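Q: What follows is coords-v7.txt; its format and atoms are compact mmCIF, C-alpha atoms and all ligand atoms.
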```txt
# COMPACT_ATOMS: atom_id res chain seq x y z
CA MET S 1 105.69 95.51 99.99
CA LYS S 2 106.17 99.10 101.08
CA GLY S 3 108.31 101.65 99.24
CA VAL S 4 107.72 100.34 95.74
CA LEU S 5 107.25 102.15 92.45
CA LYS S 6 104.73 100.62 90.05
CA LEU S 7 106.13 100.31 86.56
CA GLY S 8 103.09 98.84 84.87
CA SER S 9 101.50 95.45 84.37
CA VAL S 10 101.69 92.57 81.93
CA SER S 11 98.82 90.08 81.60
CA GLY S 12 97.37 91.28 84.91
CA ILE S 13 100.71 90.92 86.72
CA LYS S 14 101.90 94.13 88.38
CA ILE S 15 105.55 95.02 87.90
CA GLU S 16 107.10 96.96 90.75
CA VAL S 17 110.56 98.15 91.69
CA HIS S 18 111.66 98.49 95.31
CA TRP S 19 113.26 101.77 96.40
CA THR S 20 116.49 99.97 97.42
CA PHE S 21 117.06 99.42 93.71
CA THR S 22 118.26 103.05 93.52
CA LEU S 23 121.06 102.07 95.94
CA LEU S 24 122.30 99.66 93.30
CA LEU S 25 122.39 102.43 90.68
CA ILE S 26 124.26 104.72 93.10
CA TRP S 27 126.69 101.94 94.01
CA VAL S 28 127.45 101.21 90.34
CA ALA S 29 128.13 104.91 89.64
CA PHE S 30 130.30 105.10 92.76
CA LEU S 31 132.44 102.13 91.69
CA GLU S 32 132.92 103.65 88.24
CA ILE S 33 133.94 107.06 89.63
CA GLN S 34 136.36 105.35 92.02
CA GLN S 35 138.03 103.68 89.04
CA GLY S 36 138.36 107.05 87.34
CA GLY S 37 135.65 106.43 84.74
CA ASN S 38 134.18 109.29 82.68
CA LEU S 39 130.51 110.19 82.20
CA ASP S 40 130.19 107.93 79.15
CA ARG S 41 131.27 104.91 81.13
CA ILE S 42 128.99 105.76 84.04
CA LEU S 43 125.99 106.10 81.72
CA LEU S 44 126.92 102.88 79.95
CA ASN S 45 127.04 101.00 83.26
CA GLU S 46 123.74 102.46 84.46
CA ALA S 47 122.10 101.57 81.13
CA LEU S 48 123.52 98.07 81.43
CA ILE S 49 121.93 97.65 84.88
CA LEU S 50 118.56 98.88 83.59
CA VAL S 51 118.59 96.61 80.54
CA LEU S 52 119.81 93.71 82.66
CA PHE S 53 116.87 94.20 85.00
CA LEU S 54 114.57 94.22 82.00
CA CYS S 55 116.00 90.74 81.30
CA VAL S 56 115.25 89.86 84.93
CA VAL S 57 111.62 90.98 84.47
CA LEU S 58 111.38 88.79 81.35
CA HIS S 59 112.87 85.90 83.37
CA GLU S 60 110.23 86.33 86.07
CA LEU S 61 107.50 86.64 83.44
CA GLY S 62 108.76 83.31 82.10
CA HIS S 63 107.91 81.75 85.48
CA ALA S 64 104.65 83.65 85.89
CA LEU S 65 103.21 83.04 82.45
CA THR S 66 104.09 79.34 82.58
CA ALA S 67 102.39 79.11 85.99
CA LYS S 68 99.37 80.85 84.47
CA ARG S 69 99.01 77.95 82.02
CA PHE S 70 98.49 75.76 85.10
CA HIS S 71 95.90 78.22 86.47
CA ILE S 72 98.23 79.69 89.09
CA LYS S 73 98.00 83.44 89.40
CA THR S 74 100.90 85.80 90.01
CA GLN S 75 100.08 88.95 91.89
CA LYS S 76 103.21 90.89 91.07
CA ILE S 77 106.86 90.89 90.12
CA THR S 78 109.09 92.92 92.42
CA LEU S 79 112.57 94.05 91.45
CA LEU S 80 115.13 94.20 94.27
CA PRO S 81 118.86 94.95 93.98
CA ILE S 82 119.53 91.20 94.32
CA GLY S 83 117.14 90.25 91.51
CA GLY S 84 113.47 89.78 90.86
CA ILE S 85 110.76 87.99 92.81
CA ALA S 86 107.58 86.74 91.17
CA SER S 87 104.86 86.39 93.83
CA LEU S 88 103.15 83.26 92.60
CA GLU S 89 100.00 82.34 94.50
CA LYS S 90 101.62 78.93 95.04
CA MET S 91 103.92 76.51 93.27
CA PRO S 92 102.28 73.73 91.25
CA GLU S 93 102.18 70.52 93.24
CA LYS S 94 102.59 68.23 90.25
CA PRO S 95 106.36 67.74 89.78
CA GLY S 96 106.12 67.95 85.98
CA GLN S 97 104.43 71.35 86.22
CA GLU S 98 106.86 72.66 88.84
CA LEU S 99 109.74 71.55 86.63
CA LEU S 100 108.37 73.57 83.68
CA VAL S 101 107.64 76.67 85.81
CA ALA S 102 111.15 76.55 87.35
CA LEU S 103 112.90 76.07 84.00
CA ALA S 104 110.87 78.73 82.16
CA GLY S 105 112.75 81.62 83.86
CA PRO S 106 116.32 80.56 82.97
CA ALA S 107 115.06 79.46 79.52
CA VAL S 108 114.16 83.10 78.79
CA ASN S 109 117.77 84.13 79.51
CA VAL S 110 119.07 81.30 77.33
CA VAL S 111 116.99 82.68 74.45
CA ILE S 112 118.19 86.24 75.07
CA ALA S 113 121.83 85.07 75.22
CA LEU S 114 121.42 83.10 71.97
CA LEU S 115 119.89 86.13 70.22
CA LEU S 116 122.76 88.33 71.45
CA ALA S 117 125.29 85.76 70.27
CA LEU S 118 123.85 86.19 66.77
CA VAL S 119 124.73 89.89 66.66
CA VAL S 120 127.82 90.05 68.90
CA PRO S 121 131.05 88.38 67.73
CA VAL S 122 131.35 86.63 71.09
CA ARG S 123 134.27 84.48 70.00
CA SER S 124 136.48 87.42 69.11
CA TYR S 125 136.46 88.47 72.79
CA PHE S 126 138.01 85.17 73.78
CA ASN S 127 140.57 85.00 70.98
CA PHE S 128 142.86 87.87 72.02
CA ASP S 129 145.28 87.76 74.87
CA ALA S 130 144.05 89.10 78.20
CA ILE S 131 145.47 92.62 77.87
CA VAL S 132 144.02 93.19 74.40
CA THR S 133 140.60 91.92 75.54
CA GLU S 134 140.71 94.22 78.56
CA GLU S 135 141.47 97.24 76.38
CA MET S 136 138.78 96.20 73.93
CA LEU S 137 136.20 95.88 76.71
CA TYR S 138 137.04 99.27 78.23
CA GLU S 139 135.80 101.05 75.09
CA PRO S 140 132.22 102.32 75.70
CA SER S 141 130.67 100.95 72.49
CA LEU S 142 127.36 99.33 71.58
CA GLN S 143 129.12 96.07 70.79
CA ASN S 144 130.72 95.96 74.23
CA PHE S 145 127.40 96.82 75.81
CA LEU S 146 125.73 93.86 74.08
CA PHE S 147 128.66 91.62 74.98
CA TYR S 148 128.30 92.50 78.68
CA LEU S 149 124.58 91.83 78.38
CA PHE S 150 125.35 88.45 76.83
CA ILE S 151 127.69 87.54 79.70
CA ALA S 152 125.16 88.77 82.28
CA ASN S 153 122.41 86.59 80.80
CA VAL S 154 124.71 83.56 80.76
CA MET S 155 125.54 84.27 84.41
CA LEU S 156 121.84 84.59 85.26
CA VAL S 157 121.24 81.13 83.81
CA VAL S 158 124.20 79.56 85.62
CA PHE S 159 123.50 81.28 88.94
CA ASN S 160 119.78 80.52 88.95
CA LEU S 161 120.40 76.87 88.19
CA VAL S 162 122.58 76.35 91.27
CA PRO S 163 120.49 73.76 93.17
CA ALA S 164 119.95 76.04 96.16
CA PHE S 165 116.26 75.63 96.93
CA PRO S 166 114.11 77.81 96.67
CA MET S 167 116.13 79.18 93.76
CA ASP S 168 115.19 77.84 90.31
CA GLY S 169 117.82 75.10 90.30
CA GLY S 170 116.63 73.95 93.73
CA ARG S 171 113.05 73.81 92.46
CA VAL S 172 114.19 71.73 89.50
CA LEU S 173 115.90 69.37 91.94
CA ARG S 174 112.82 69.17 94.18
CA ALA S 175 110.58 68.45 91.18
CA VAL S 176 112.90 65.71 89.88
CA LEU S 177 113.19 64.11 93.33
CA SER S 178 109.40 64.35 93.80
CA PHE S 179 108.81 61.94 90.91
CA LYS S 180 110.50 59.19 92.94
CA LEU S 181 110.31 60.22 96.59
CA GLY S 182 107.10 62.22 96.90
CA ARG S 183 106.86 65.92 97.63
CA VAL S 184 107.49 65.88 101.39
CA GLN S 185 110.75 63.96 101.29
CA ALA S 186 111.91 65.69 98.10
CA THR S 187 111.37 69.09 99.73
CA ALA S 188 113.23 68.02 102.88
CA ILE S 189 116.28 66.97 100.82
CA ALA S 190 116.19 70.02 98.51
CA ALA S 191 115.74 72.34 101.52
CA SER S 192 118.69 70.93 103.46
CA LEU S 193 120.91 71.17 100.39
CA GLY S 194 119.56 74.73 99.90
CA GLN S 195 120.39 75.67 103.48
CA THR S 196 123.89 74.22 103.17
CA LEU S 197 124.51 76.19 99.97
CA GLY S 198 122.94 79.26 101.60
CA PHE S 199 125.51 78.99 104.37
CA LEU S 200 128.29 78.61 101.79
CA PHE S 201 127.03 81.73 99.93
CA PHE S 202 127.09 83.60 103.22
CA VAL S 203 130.76 82.71 103.83
CA LEU S 204 131.70 83.54 100.21
CA GLY S 205 129.76 86.79 100.54
CA LEU S 206 131.85 87.83 103.54
CA PHE S 207 134.99 87.63 101.39
CA PHE S 208 133.83 88.54 97.91
CA ASN S 209 130.46 90.18 97.41
CA PRO S 210 127.99 91.59 99.95
CA PHE S 211 125.06 90.79 97.60
CA LEU S 212 125.79 87.11 98.17
CA ILE S 213 125.08 87.61 101.88
CA LEU S 214 121.60 88.93 101.11
CA ILE S 215 120.96 86.07 98.70
CA ALA S 216 122.25 83.62 101.35
CA PHE S 217 119.61 84.86 103.83
CA PHE S 218 116.90 84.63 101.20
CA ILE S 219 117.88 81.02 100.42
CA PHE S 220 118.41 79.93 104.02
CA PHE S 221 115.09 81.18 105.37
CA GLY S 222 113.20 80.50 102.13
CA ALA S 223 114.26 76.84 102.24
CA TYR S 224 113.31 76.56 105.91
CA GLY S 225 109.91 78.22 105.37
CA GLU S 226 108.92 76.14 102.37
CA ASN S 227 109.97 72.91 104.00
CA GLN S 228 107.80 73.76 107.02
CA MET S 229 104.89 74.62 104.74
CA VAL S 230 105.10 71.38 102.78
CA LYS S 231 105.32 69.35 106.01
CA ARG S 232 102.36 71.24 107.43
CA ASN S 233 100.25 70.76 104.30
CA SER S 234 100.97 67.04 104.22
CA LEU S 235 99.94 66.81 107.88
CA LEU S 236 96.70 68.64 107.09
CA GLU S 237 95.90 66.58 104.01
CA GLY S 238 92.33 65.31 104.13
CA HIS S 239 91.49 67.28 107.28
CA LEU S 240 88.42 69.47 107.09
CA VAL S 241 87.57 72.84 108.58
CA LYS S 242 84.94 71.33 110.89
CA GLU S 243 87.73 69.56 112.82
CA ALA S 244 89.36 72.90 113.67
CA THR S 245 86.23 75.05 114.04
CA LEU S 246 85.76 77.11 117.19
CA THR S 247 82.24 76.15 118.18
CA SER S 248 82.02 77.54 121.71
CA ILE S 249 82.31 81.19 120.84
CA THR S 250 80.43 84.31 121.86
CA LEU S 251 78.16 85.52 119.09
CA LEU S 252 77.66 89.27 118.99
CA SER S 253 74.41 91.03 118.20
CA PRO S 254 74.53 94.05 115.89
CA GLU S 255 73.14 96.10 118.81
CA ASN S 256 76.07 95.30 121.15
CA SER S 257 78.26 98.28 122.02
CA VAL S 258 82.04 98.49 121.78
CA GLN S 259 82.14 98.57 125.62
CA GLU S 260 80.27 95.27 125.80
CA VAL S 261 82.74 93.69 123.39
CA ILE S 262 85.68 95.07 125.43
CA ASN S 263 84.17 93.38 128.50
CA ILE S 264 83.96 90.06 126.65
CA ILE S 265 87.56 90.38 125.38
CA LEU S 266 88.87 91.07 128.89
CA ALA S 267 86.83 88.28 130.50
CA GLY S 268 88.13 85.53 128.23
CA THR S 269 90.60 84.70 125.47
CA GLU S 270 88.41 85.48 122.45
CA LYS S 271 89.71 88.19 120.16
CA ASP S 272 87.60 88.22 117.02
CA PHE S 273 83.83 87.81 116.79
CA VAL S 274 81.02 86.82 114.49
CA VAL S 275 77.99 89.15 114.43
CA VAL S 276 74.71 87.25 114.11
CA GLU S 277 71.02 88.15 113.90
CA ASN S 278 68.21 85.59 113.49
CA ASN S 279 70.78 82.84 112.81
CA GLU S 280 72.23 84.88 109.95
CA VAL S 281 75.83 86.03 109.96
CA LEU S 282 75.95 89.80 109.30
CA GLY S 283 79.65 90.50 109.69
CA ILE S 284 82.78 90.10 111.75
CA VAL S 285 84.43 92.32 114.34
CA THR S 286 88.13 91.94 115.05
CA GLN S 287 90.09 92.92 118.13
CA LYS S 288 91.98 95.41 115.96
CA VAL S 289 88.76 97.27 115.15
CA ILE S 290 87.64 97.24 118.79
CA ILE S 291 90.97 98.78 119.82
CA LYS S 292 90.47 101.45 117.16
CA TYR S 293 87.05 102.34 118.63
CA ALA S 294 88.01 101.90 122.30
CA LYS S 295 87.82 105.68 122.73
CA THR S 296 84.17 105.67 121.71
CA PRO S 297 82.70 102.81 123.78
CA MET S 298 79.07 103.64 122.94
CA VAL S 299 79.48 102.97 119.20
CA LEU S 300 77.45 99.94 118.10
CA VAL S 301 78.85 96.80 116.55
CA LYS S 302 76.59 97.16 113.48
CA ASP S 303 78.33 100.42 112.59
CA ILE S 304 81.87 99.10 112.73
CA MET S 305 81.55 95.45 111.67
CA ASP S 306 83.24 94.17 108.52
CA LYS S 307 80.43 93.17 106.16
CA ASP S 308 82.82 92.18 103.42
CA PHE S 309 83.69 88.74 104.77
CA LYS S 310 83.84 85.26 103.27
CA MET S 311 81.92 82.39 104.83
CA VAL S 312 83.95 79.18 104.99
CA ASP S 313 82.26 75.81 104.53
CA ALA S 314 82.84 73.24 107.29
CA ALA S 315 83.53 70.62 104.60
CA MET S 316 86.34 72.68 103.04
CA GLU S 317 89.90 71.40 103.45
CA ILE S 318 91.96 73.25 106.05
CA THR S 319 94.78 73.83 103.56
CA LYS S 320 92.29 75.70 101.34
CA VAL S 321 91.46 78.00 104.28
CA LEU S 322 95.17 78.69 104.75
CA GLU S 323 95.37 79.68 101.08
CA LEU S 324 92.30 81.88 101.57
CA MET S 325 93.92 83.53 104.60
CA GLY S 326 97.00 84.30 102.52
CA ARG S 327 94.94 85.69 99.66
CA GLU S 328 92.47 87.76 101.69
CA LYS S 329 95.05 88.88 104.28
CA LYS S 330 92.54 87.93 107.00
CA ASP S 331 92.85 85.21 109.60
CA PHE S 332 89.32 84.89 110.98
CA PHE S 333 86.37 83.44 109.08
CA PRO S 334 82.83 82.43 110.11
CA VAL S 335 82.11 78.76 109.39
CA ALA S 336 78.86 77.34 108.00
CA LEU S 337 77.66 73.74 107.83
CA GLU S 338 74.98 73.25 105.19
CA ASN S 339 74.47 77.01 105.12
CA LYS S 340 73.92 77.20 108.90
CA SER S 341 76.45 79.14 110.96
CA ILE S 342 78.28 76.83 113.38
CA GLY S 343 81.24 78.91 114.57
CA ALA S 344 84.47 80.35 113.25
CA VAL S 345 87.98 79.37 112.30
CA ASP S 346 91.17 81.35 112.92
CA MET S 347 94.92 80.94 112.52
CA THR S 348 95.51 80.33 116.23
CA ASN S 349 93.11 77.41 116.28
CA ILE S 350 94.52 75.91 113.08
CA SER S 351 98.03 76.14 114.59
CA GLU S 352 96.73 74.38 117.68
CA PHE S 353 95.18 71.69 115.49
CA ILE S 354 98.49 71.20 113.63
CA LEU S 355 100.36 70.93 116.93
CA LEU S 356 97.96 68.26 118.23
CA GLU S 357 98.01 66.34 114.94
CA SER S 358 101.83 66.32 114.79
CA ALA S 359 101.93 65.06 118.38
CA LYS S 360 99.90 62.03 117.26
CA ASN S 361 102.50 60.96 114.68
ZN ZN O 1 113.89 82.33 88.32
```
Let me see whether you can do it: turn the structure in this file into structure tokens.

A:
Amino acid sequence: MKGVLKLGSVSGIKIEVHWTFTLLLIWVAFLEIQQGGNLDRILLNEALILVLFLCVVLHELGHALTAKRFHIKTQKITLLPIGGIASLEKMPEKPGQELLVALAGPAVNVVIALLLALVVPVRSYFNFDAIVTEEMLYEPSLQNFLFYLFIANVMLVVFNLVPAFPMDGGRVLRAVLSFKLGRVQATAIAASLGQTLGFLFFVLGLFFNPFLILIAFFIFFGAYGENQMVKRNSLLEGHLVKEATLTSITLLSPENSVQEVINIILAGTEKDFVVVENNEVLGIVTQKVIIKYAKTPMVLVKDIMDKDFKMVDAAMEITKVLELMGREKKDFFPVALENKSIGAVDMTNISEFILLESAKN
């Protein structure tokens, strides 16, 4: 993500904060000034936001470190004004594991809230009449600060457990349904409930809180996207790369010039190429690179090809290639069958394969 500030890393997981987070701090100060608050109260509120987001980081680490126990890596945790996002490589497919990963985040906030309840006389805040409590809460004191933090953590637990997939509660629901219905059907149900709740959040957001609108979009499109992905992966189950390999492709020689490649691109529909010499794959050249060197048509392929490529085995599952594409941020790979180059695989061809497979069902 662009415009992020790196805060550090925990257990190999980068922790970043997005620049829009500063808008939240400004907004909080603005609200306080509008209500006639003094500097003490502004600082207290800003500190509360910062400590609250520390709790959010711990929540996300709860997810990430539990996923790590199931050998799922997390690249980073990003803090946005609407909360934190842990970029897990994937969610565990076993429902029991997904259940634990989903619950681990809110569980962290439960622990924090319980610890705070030990030092803050929580009950005393609920024993006075409303006016006394309001006066008591207005005082900028450490006890009030911890009380607000307690309430915020309780709210984090409650809010995250709303069964709006892909929020934590929605994941819990999907995992529980998966035990009985299987992952595809469970996801479909959790996603439609998620989208319905997303729509409800949107409407509530219009009247009450603009942050809910942002969260509504996140839920609505997140639910749609994950449902599509699960359907796609189930369709691809058991299908191997060789079924979606481009075998009639032009192989480039390292001595080809950029101009020669431009001619090939314009004469057909190929965009990315494998560079081969004596049956050995030396590198790949993408359309993007050719465009970059279009001004210097005499440059040779061997000088611009990407030598840092991964060879994909024809017997690999297609879903594994999709994971590889996500990880490597590349969508074109040479394919080998028993160590001999037989072609290449790209996203366009896999999409075509999915389309043809779904037409069969
Ligand atoms: Zn969570």

Q: Is there a way to get, as a PyMOL selection string, all residues within 12 Å of the point (89.3, 89.3, 125.0) in file coordinates, counting only C-alpha atoms?

A: chain S and resi 249-250+259-273+286-288+290-291

Q: Please give me, as a list in words, the residues lying within 6 Å of ligand ZN 1 (chain O) when counting all atoms listed in the file.

A: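 So, counting all atoms listed in the file, the residues near ligand ZN 1 (chain O) are Glu60, Gly105 and Asp168 of chain S.
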
Q: Within 7 Å of (110.0, 87.1, 88.7), all atoms listed in the file: residues as a PDB file with C-alpha atoms, in the frame of the given file?

A:
```pdb
ATOM      1  CA  VAL S  57     111.620  90.980  84.470  1.00  0.00           C
ATOM      2  CA  HIS S  59     112.870  85.900  83.370  1.00  0.00           C
ATOM      3  CA  GLU S  60     110.230  86.330  86.070  1.00  0.00           C
ATOM      4  CA  LEU S  61     107.500  86.640  83.440  1.00  0.00           C
ATOM      5  CA  HIS S  63     107.910  81.750  85.480  1.00  0.00           C
ATOM      6  CA  ALA S  64     104.650  83.650  85.890  1.00  0.00           C
ATOM      7  CA  ILE S  77     106.860  90.890  90.120  1.00  0.00           C
ATOM      8  CA  THR S  78     109.090  92.920  92.420  1.00  0.00           C
ATOM      9  CA  GLY S  84     113.470  89.780  90.860  1.00  0.00           C
ATOM     10  CA  ILE S  85     110.760  87.990  92.810  1.00  0.00           C
ATOM     11  CA  ALA S  86     107.580  86.740  91.170  1.00  0.00           C
TER      12      ALA S  86
END
```

Q: So which one's closest to Leu337 (chain S), S:Ile151, S:Leu197, S:Met311, S:Met91? Using all atoms listed in the file, please.

A: S:Met311

Q: CA of Gly238 (chain S) and CA of Ser87 (chain S) are how many Å apart?

A: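 CA of Ser87 (chain S) lies 26.6 Å from CA of Gly238 (chain S).
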
Q: Compare S:Asn256, S:Asn278, S:Gly326, S:Leu235 by their minimum atom-to-atom distance to Val299 (chain S), counting all atoms listed in the file, and give me the closest one.

A: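 Of all the options, S:Asn256 lies closest to Val299 (chain S).
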
Q: Just the residues within 7 Å of region 106-119 of chain S, please, counting all atoms listed in the file, with nothing from its chain fewer than 6 positions along; format it as an MDAnalysis selection string.

A: chainID S and resid 58:59 62 146 150 153:154 157 160

Q: I need the residue nearest Asn144 (chain S) from this list: S:Leu44, S:Leu173, S:Leu212, S:Val184. Use all atoms listed in the file for the distance.

A: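 Checking each of S:Leu44, S:Leu173, S:Leu212, S:Val184 against Asn144 (chain S), counting all atoms listed in the file, the winner is S:Leu44.
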
Q: Considering only C-alpha atoms, can you say which of S:Leu7, S:Leu161, S:Val274, S:Leu177 comes closest to Lys94 (chain S)?

A: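 Smallest separation from Lys94 (chain S) among the options: S:Leu177.
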
Q: With all atoms listed in the file as the basis for distance, which of S:Gln34, S:Gln75, S:Thr296, S:Thr245 is at the shortest distance from Phe333 (chain S)?

A: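 Using all atoms listed in the file, Phe333 (chain S) sits closest to S:Thr245.
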